[in-house]
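Asker: I am attaching a structure below and will ask some questions about it afterwards.
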Amino acid sequence: MIDIHRTHYARQLQEDIVGQQVRIGGWIEDVRDIGKLAFVTIRDVTGACQAIVTGDSVQAARQAQRQSAVIVAGTVQKSKAKDFPVEVKVTEFTILTKAVHPLPIDPTGRVESAADKRLDARALDLRNPRVAAIFRLRSAGLEVVRDTLRSEGFIEVNTPKIIGSASEGGANLFGFDYFKRKAYLAQSPQLYKEQLTLGLDRVFEIGPYFRAENSHTVRHLTEFTSIDVEAAFTDYEDVMDIVEKVVGSVIQEFQQSHRGDLELAGGRADMQFGKIERLSYARCLDELAKHGEKLEFGDDLSDAALRKLGEMHNGFYFIMDWPLKLKPFYIHEKEDDPRLSKSFDLQHGYLELVSGGRRLHDPEKLKSRLVEQGLNPASFAEHLKAFDWGMPPHSGWGLGFDRLMMVLTGSQNVRDVVLYPRDTDRLTP
Ligand code: AMO
């Protein structure tokens, strides 16, 4: 029986263990056959190492296809190779699973593969260290977000992804048959997270959400991961402070504890974090007008307008106090100017990463806003119920985690930071 356990990862093969017996499990990246011996580069999730194969195993190494899974055992010795301080002098060389050639992509990255091909072979693509680094960063990012929100008094919740009526208005809903009734995939946890402030005060959720968006862009998916927060007895500027803390904590963590992966992934190691500039919608219109982009009050900011603003404001910036009519029914108006709303978006360049605001907590106002926006209060009866049970004033936001990862890893396409992206064309793998 083959022992499939390893004693060390490639990265652990250093001079301090010269003379030790080790077992390494990984995949074959390269074989250089020089007659009586073969140099085999074996990679695992931590890096690459060199194995020197002699005797009977040379034939096996010679025939081994790149990317095949192997386990090798041997003694660690000093190496003359410039890339490796030590190497393994192999006594046992076992191919566990052959890679069948030709492979659809080259995961070493030496031969550039088309983005679609890489996504079609995503599991293999993850053997590319640059790609794997992105997903290690994603995991580290989620961990620090959880820690930061917990330290701010939030508890993590899980709300249904199968819902009976829309949470964000009627558009963009995926509907399906649910035991002879109509059900939908959740567009956001908006209504649940608001209701939960009634009893749990401060909640957050990290989950997948679904939008039937027929968008063909580098920033839209039909399934995306969102970080949602909602907090009782807070106004919108309070939860903007929390956005700053969350985004700042992820950047800091990447820079301090994951610098290697950040550089490998192509992210900037000098990105600033801290207080984020807060621009009002009105100021954005003024600045845009000065730069030849004339917009009327009430116009949404087009892609082109956001790109211009992004050129004027480096890095992250908030746009706040949007016209009320541009915002969803649950957003609170500004008390001193009801044409405006207590709302904000966090931008990075042209890209919107977060939207949020203060919510209406008065059930009567909420009902009239539903009607104003052409929605039927009866469809929201379940939600409105909670507003008759002493709803506290509350604010919150939703952060598109995939988009944040795009920015932090310097990726140009959201598909680069999502393992198995879903869009209008892609339903597999
Ligand atoms: P919104 O619809 O703006 O707000 O979504 C919040 C954030 O989620 C991300 N996002 C997406 N990412 C990838 N693909 C998509 N199709 C997609 N749609 C949205 C964006 C966006 O800023 N309930 C409110 C949030 C709140 O007020 O708490 C909401 O869903 O980064």
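By order in the structure tokens, chains are A, B, ...; within a chain, residues start at 1; ligands start at 1, following the order shown.
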List all protein, DNA and RNA residues that have at least one atom no more than 8 Å from any atom of ligand 1, counting only C-alpha atoms and all ligand atoms, and write them as a count of residues only.
Answerer: 43
Asker: Which polymer residues have any atom within 8 Å of an atom of Gln21 of chain A, counting only C-alpha atoms, with same-chain residues fewer than 6 positions away left out, as a list in words?
Answerer: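 My reading of the contact set: Ala73, Gly74, Thr75 and Val76 of chain A.
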Asker: Output all heavy atoms for every residue in that selection, as an mmCIF file, in the first residue's frame.
Answerer:
data_model
loop_
_atom_site.group_PDB
_atom_site.id
_atom_site.type_symbol
_atom_site.label_atom_id
_atom_site.label_comp_id
_atom_site.auth_asym_id
_atom_site.auth_seq_id
_atom_site.Cartn_x
_atom_site.Cartn_y
_atom_site.Cartn_z
ATOM 1 N N ALA A 73 9.633 10.137 -1.793
ATOM 2 C CA ALA A 73 10.303 10.055 -0.497
ATOM 3 C C ALA A 73 11.793 10.067 -0.753
ATOM 4 O O ALA A 73 12.255 9.632 -1.821
ATOM 5 C CB ALA A 73 9.893 8.777 0.215
ATOM 6 N N GLY A 74 12.548 10.584 0.175
ATOM 7 C CA GLY A 74 14.004 10.605 -0.006
ATOM 8 C C GLY A 74 14.679 11.421 1.077
ATOM 9 O O GLY A 74 14.059 11.813 2.068
ATOM 10 N N THR A 75 15.961 11.696 0.826
ATOM 11 C CA THR A 75 16.774 12.412 1.810
ATOM 12 C C THR A 75 17.030 13.827 1.308
ATOM 13 O O THR A 75 17.297 14.022 0.122
ATOM 14 C CB THR A 75 18.152 11.702 1.963
ATOM 15 O OG1 THR A 75 17.909 10.304 2.016
ATOM 16 C CG2 THR A 75 18.868 12.142 3.212
ATOM 17 N N VAL A 76 17.004 14.756 2.234
ATOM 18 C CA VAL A 76 17.259 16.156 1.856
ATOM 19 C C VAL A 76 18.769 16.372 1.789
ATOM 20 O O VAL A 76 19.501 15.990 2.710
ATOM 21 C CB VAL A 76 16.622 17.118 2.894
ATOM 22 C CG1 VAL A 76 16.911 18.576 2.524
ATOM 23 C CG2 VAL A 76 15.126 16.880 3.003
#
Asker: Can you pull out every residue within 12 Å of Thr91 of chain A, counting only C-alpha atoms, but drop anything in the same chain fewer than 6 positions away, and send it as a ChimeraX atom specification?
Answerer: /A:21-24,51-58,71-76
Asker: Would you save the residues of that selection, restricted to C-alpha atoms, as a short mmCIF file (atom, residue, chain, number, x, y, z; two decimals), in the first residue's frame?
Answerer:
data_model
loop_
_atom_site.label_atom_id
_atom_site.label_comp_id
_atom_site.auth_asym_id
_atom_site.auth_seq_id
_atom_site.Cartn_x
_atom_site.Cartn_y
_atom_site.Cartn_z
CA GLN A 21 14.07 11.72 5.38
CA VAL A 22 11.03 13.47 3.90
CA ARG A 23 7.91 12.64 1.90
CA ILE A 24 6.60 15.32 -0.47
CA ALA A 51 13.81 16.00 -6.63
CA ILE A 52 16.81 14.06 -7.98
CA VAL A 53 15.67 10.75 -9.34
CA THR A 54 18.16 7.94 -10.05
CA GLY A 55 18.12 4.20 -10.73
CA ASP A 56 14.87 2.44 -11.60
CA SER A 57 12.74 5.50 -10.97
CA VAL A 58 14.34 7.45 -13.85
CA ILE A 71 4.44 11.41 -3.86
CA VAL A 72 8.19 11.14 -3.44
CA ALA A 73 10.30 10.06 -0.50
CA GLY A 74 14.00 10.61 -0.01
CA THR A 75 16.77 12.41 1.81
CA VAL A 76 17.26 16.16 1.86
#
Asker: DSSP on the backbone, then: every residue of segment 105-315 of chain A marked helix (DSSP H, G or I), written as a PyMOL selection string.
Answerer: chain A and resi 115-120+122-125+129-151+190-200+236-257+259-265+281-290+303-312
Asker: Please provide as a list in words all residues within 6 Å of segment 126-135 of chain A, with the sequence filter that same-chain residues fewer than 2 positions apart are discarded (counting only C-alpha atoms).
Answerer: Pro107, Thr108, Ala123, Leu124, Leu137, Arg138, Asp261, Leu264 and Ala265 of chain A
Asker: Please run DSSP on the backbone and report, as a PyMOL selection string, all residues within segment 26-159 of chain A that come out as strand (DSSP E or B).
Answerer: chain A and resi 26-33+37-44+47-54+69-78+86-97+155-156
Asker: Here is a test: counting only C-alpha atoms, which residue of A:Asn314, A:Ile17, A:Pro377, A:Gly266 is nearest to Lys78 of chain A?
Answerer: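 Among the listed residues, A:Ile17 lies closest to Lys78 of chain A.
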Asker: Would you work out the distance separating atom CA of Cys49 of chain A from atom CA of Ala10 of chain A, expressed in Å to one decimal?
Answerer: 5.4 Å
Asker: Which residues come within 12 Å of Thr217 of chain A, counting only C-alpha atoms, excluding same-chain residues fewer than 5 positions away, as an MDAnalysis selection string?
Answerer: chainID A and resid 222 303 351 412:415 423:425
Asker: The selected residues should be written to file as a short mmCIF file (atom, residue, chain, number, x, y, z; two decimals), in the first residue's frame (atoms: all heavy atoms).
Answerer:
data_model
loop_
_atom_site.label_atom_id
_atom_site.label_comp_id
_atom_site.auth_asym_id
_atom_site.auth_seq_id
_atom_site.Cartn_x
_atom_site.Cartn_y
_atom_site.Cartn_z
N THR A 222 -24.14 37.17 -12.05
CA THR A 222 -25.52 36.87 -11.65
C THR A 222 -25.56 36.30 -10.23
O THR A 222 -26.59 36.30 -9.59
CB THR A 222 -26.16 35.87 -12.64
OG1 THR A 222 -25.26 34.77 -12.79
CG2 THR A 222 -26.42 36.51 -13.98
N ASP A 303 -21.65 55.68 -16.15
CA ASP A 303 -20.33 55.06 -16.13
C ASP A 303 -19.25 56.09 -16.48
O ASP A 303 -18.23 56.20 -15.79
CB ASP A 303 -20.35 53.96 -17.20
CG ASP A 303 -19.47 52.80 -16.81
OD1 ASP A 303 -19.56 52.37 -15.64
OD2 ASP A 303 -18.68 52.35 -17.66
N LEU A 351 -15.69 52.18 -10.05
CA LEU A 351 -16.34 50.96 -9.55
C LEU A 351 -17.06 51.19 -8.23
O LEU A 351 -16.44 51.64 -7.25
CB LEU A 351 -15.26 49.89 -9.37
CG LEU A 351 -15.69 48.46 -9.14
CD1 LEU A 351 -16.46 47.91 -10.34
CD2 LEU A 351 -14.47 47.58 -8.86
N GLN A 412 -8.62 43.06 -13.27
CA GLN A 412 -9.42 43.90 -14.17
C GLN A 412 -10.81 43.33 -14.39
O GLN A 412 -11.69 43.99 -14.92
CB GLN A 412 -8.74 44.07 -15.53
CG GLN A 412 -7.38 44.76 -15.46
CD GLN A 412 -7.45 46.11 -14.76
OE1 GLN A 412 -8.34 46.91 -15.00
NE2 GLN A 412 -6.52 46.34 -13.83
N ASN A 413 -11.01 42.07 -13.96
CA ASN A 413 -12.29 41.42 -14.22
C ASN A 413 -12.72 40.68 -12.95
O ASN A 413 -11.92 39.96 -12.34
CB ASN A 413 -12.12 40.42 -15.37
CG ASN A 413 -13.44 39.91 -15.89
OD1 ASN A 413 -14.40 39.70 -15.12
ND2 ASN A 413 -13.53 39.70 -17.20
N VAL A 414 -13.97 40.88 -12.56
CA VAL A 414 -14.47 40.26 -11.33
C VAL A 414 -14.36 38.73 -11.40
O VAL A 414 -14.20 38.05 -10.38
CB VAL A 414 -15.93 40.74 -11.05
CG1 VAL A 414 -16.92 40.17 -12.05
CG2 VAL A 414 -16.36 40.45 -9.63
N ARG A 415 -14.39 38.20 -12.63
CA ARG A 415 -14.28 36.74 -12.80
C ARG A 415 -12.94 36.20 -12.32
O ARG A 415 -12.82 35.02 -12.00
CB ARG A 415 -14.51 36.36 -14.27
CG ARG A 415 -15.96 36.57 -14.71
CD ARG A 415 -16.06 36.69 -16.22
NE ARG A 415 -17.41 37.05 -16.62
CZ ARG A 415 -17.91 38.29 -16.56
NH1 ARG A 415 -17.18 39.29 -16.10
NH2 ARG A 415 -19.15 38.54 -16.94
N ASP A 423 -22.44 34.06 -14.92
CA ASP A 423 -22.91 35.25 -15.63
C ASP A 423 -23.91 34.79 -16.68
O ASP A 423 -24.28 33.61 -16.71
CB ASP A 423 -21.74 36.07 -16.21
CG ASP A 423 -20.88 35.26 -17.17
OD1 ASP A 423 -21.41 34.35 -17.84
OD2 ASP A 423 -19.67 35.52 -17.27
N THR A 424 -24.32 35.72 -17.55
CA THR A 424 -25.38 35.36 -18.49
C THR A 424 -24.97 34.18 -19.37
O THR A 424 -25.84 33.42 -19.82
CB THR A 424 -25.72 36.56 -19.40
OG1 THR A 424 -24.49 37.07 -19.90
CG2 THR A 424 -26.45 37.64 -18.64
N ASP A 425 -23.69 34.03 -19.63
CA ASP A 425 -23.23 32.96 -20.51
C ASP A 425 -22.74 31.73 -19.76
O ASP A 425 -22.71 30.64 -20.32
CB ASP A 425 -22.07 33.44 -21.39
CG ASP A 425 -22.49 34.59 -22.28
OD1 ASP A 425 -23.63 34.52 -22.78
OD2 ASP A 425 -21.71 35.53 -22.45
#
Asker: I'd like the neighbourhood of segment 304-306 of chain A as number ranges by chain, where a residue qualifies if any of its atoms comes within 10 Å (using only C-alpha atoms), though same-chain residues fewer than 2 positions away should be ignored.
Answerer: A: 284-285, 288-289, 291-295, 300-302, 308-312, 347-352
Asker: Let's have the selection written as a compact mmCIF listing (two decimals), in the first residue's frame, with N, CA and C atoms.
Answerer:
# COMPACT_ATOMS: atom_id res chain seq x y z
N CYS A 284 -20.34 66.32 -6.52
CA CYS A 284 -19.93 65.54 -7.70
C CYS A 284 -20.46 66.20 -8.97
N LEU A 285 -21.74 66.66 -8.92
CA LEU A 285 -22.30 67.32 -10.12
C LEU A 285 -21.49 68.56 -10.47
N LEU A 288 -18.17 67.58 -11.94
CA LEU A 288 -18.34 67.03 -13.29
C LEU A 288 -18.62 68.15 -14.28
N ALA A 289 -19.45 69.12 -13.85
CA ALA A 289 -19.78 70.25 -14.74
C ALA A 289 -18.50 70.98 -15.13
N HIS A 291 -15.72 69.80 -15.48
CA HIS A 291 -14.94 68.97 -16.41
C HIS A 291 -15.76 68.56 -17.63
N GLY A 292 -16.76 69.39 -17.93
CA GLY A 292 -17.48 69.22 -19.19
C GLY A 292 -18.57 68.16 -19.19
N GLU A 293 -18.89 67.60 -18.04
CA GLU A 293 -19.94 66.57 -17.98
C GLU A 293 -21.15 67.18 -17.29
N LYS A 294 -22.09 67.66 -18.10
CA LYS A 294 -23.22 68.40 -17.54
C LYS A 294 -24.34 67.42 -17.16
N LEU A 295 -24.68 67.39 -15.88
CA LEU A 295 -25.78 66.52 -15.43
C LEU A 295 -26.78 67.36 -14.65
N ASP A 300 -28.81 59.98 -12.62
CA ASP A 300 -27.88 59.01 -12.04
C ASP A 300 -26.49 59.30 -12.62
N LEU A 301 -25.46 58.88 -11.91
CA LEU A 301 -24.11 59.11 -12.41
C LEU A 301 -23.75 57.96 -13.36
N SER A 302 -23.56 58.34 -14.61
CA SER A 302 -23.29 57.32 -15.64
C SER A 302 -21.90 56.73 -15.44
N LYS A 308 -14.86 59.74 -14.75
CA LYS A 308 -14.26 61.08 -14.59
C LYS A 308 -14.00 61.37 -13.11
N LEU A 309 -15.00 61.05 -12.26
CA LEU A 309 -14.82 61.29 -10.82
C LEU A 309 -13.65 60.47 -10.29
N GLY A 310 -13.54 59.24 -10.79
CA GLY A 310 -12.45 58.37 -10.37
C GLY A 310 -11.08 58.95 -10.72
N GLU A 311 -11.02 59.66 -11.86
CA GLU A 311 -9.74 60.30 -12.23
C GLU A 311 -9.42 61.44 -11.28
N MET A 312 -10.50 62.13 -10.80
CA MET A 312 -10.28 63.29 -9.93
C MET A 312 -10.02 62.88 -8.48
N GLN A 347 -16.96 54.21 -3.61
CA GLN A 347 -16.41 54.00 -4.95
C GLN A 347 -14.92 53.74 -4.89
N HIS A 348 -14.41 53.02 -5.87
CA HIS A 348 -12.98 53.01 -6.12
C HIS A 348 -12.86 53.25 -7.62
N GLY A 349 -12.42 54.45 -7.96
CA GLY A 349 -12.46 54.83 -9.37
C GLY A 349 -13.91 54.80 -9.84
N TYR A 350 -14.13 54.12 -10.98
CA TYR A 350 -15.49 54.07 -11.53
C TYR A 350 -16.34 53.01 -10.85
N LEU A 351 -15.69 52.18 -10.05
CA LEU A 351 -16.34 50.96 -9.55
C LEU A 351 -17.06 51.19 -8.23
N GLU A 352 -18.35 50.86 -8.20
CA GLU A 352 -19.11 50.95 -6.94
C GLU A 352 -18.89 49.67 -6.14
Asker: Excluding segment 150-160 of chain A and any residue of its chain fewer than 4 positions from it, enumerate the residues within 7 Å of it, using only C-alpha atoms, and give them as a ChimeraX atom specification.
Answerer: /A:146,189,192,202-205
Asker: Just the selected residues (N, CA and C atoms), exported as a short mmCIF file (atom, residue, chain, number, x, y, z; two decimals), in the first residue's frame, please.
Answerer:
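Now in result.cif:
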data_model
loop_
_atom_site.label_atom_id
_atom_site.label_comp_id
_atom_site.auth_asym_id
_atom_site.auth_seq_id
_atom_site.Cartn_x
_atom_site.Cartn_y
_atom_site.Cartn_z
N ARG A 146 -14.83 39.32 9.28
CA ARG A 146 -15.60 38.74 10.40
C ARG A 146 -15.05 39.23 11.73
N PRO A 189 -30.01 40.42 1.46
CA PRO A 189 -30.71 40.09 2.71
C PRO A 189 -31.40 41.32 3.29
N TYR A 192 -34.56 41.09 5.70
CA TYR A 192 -34.27 40.31 6.91
C TYR A 192 -33.31 41.05 7.83
N ARG A 202 -27.23 44.46 16.20
CA ARG A 202 -26.21 44.64 15.15
C ARG A 202 -25.94 43.30 14.50
N VAL A 203 -26.22 43.19 13.22
CA VAL A 203 -26.04 41.90 12.54
C VAL A 203 -25.20 42.08 11.27
N PHE A 204 -24.51 41.00 10.90
CA PHE A 204 -23.90 40.99 9.57
C PHE A 204 -24.09 39.62 8.95
N GLU A 205 -24.06 39.61 7.63
CA GLU A 205 -24.17 38.35 6.90
C GLU A 205 -23.22 38.38 5.72
#
Asker: So which one's closest to Glu244 of chain A, A:Glu277, A:Asp120, A:Glu143, A:Asp3? Using only C-alpha atoms, please.
Answerer: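 Nearest candidate to Glu244 of chain A out of A:Glu277, A:Asp120, A:Glu143, A:Asp3: A:Glu277.
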Asker: Restricting the calculation to only C-alpha atoms, which member of A:Gln50, A:Ser368, A:Ser113, A:Ser280 is positioned closest to Ser343 of chain A?
Answerer: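 Among A:Gln50, A:Ser368, A:Ser113, A:Ser280, it is A:Ser280 that comes nearest to Ser343 of chain A.
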Asker: In Å, with one decimal, what is the gap from atom CA of Leu198 of chain A to atom CA of Arg339 of chain A?
Answerer: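 Separating atom CA of Leu198 of chain A from atom CA of Arg339 of chain A is a distance of 27.8 Å.
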Asker: Could you check how far atom CA of His361 of chain A sits from atom CA of Ala183 of chain A, in Å to one decimal?
Answerer: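 Separation between atom CA of His361 of chain A and atom CA of Ala183 of chain A: 26.6 Å.
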Asker: Which residue out of A:Ala99, A:Val145, A:Val407, A:Ile163 has the minimum interatomic distance to Met271 of chain A when only C-alpha atoms are used?
Answerer: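 For Met271 of chain A, the nearest of the candidates is A:Val407.
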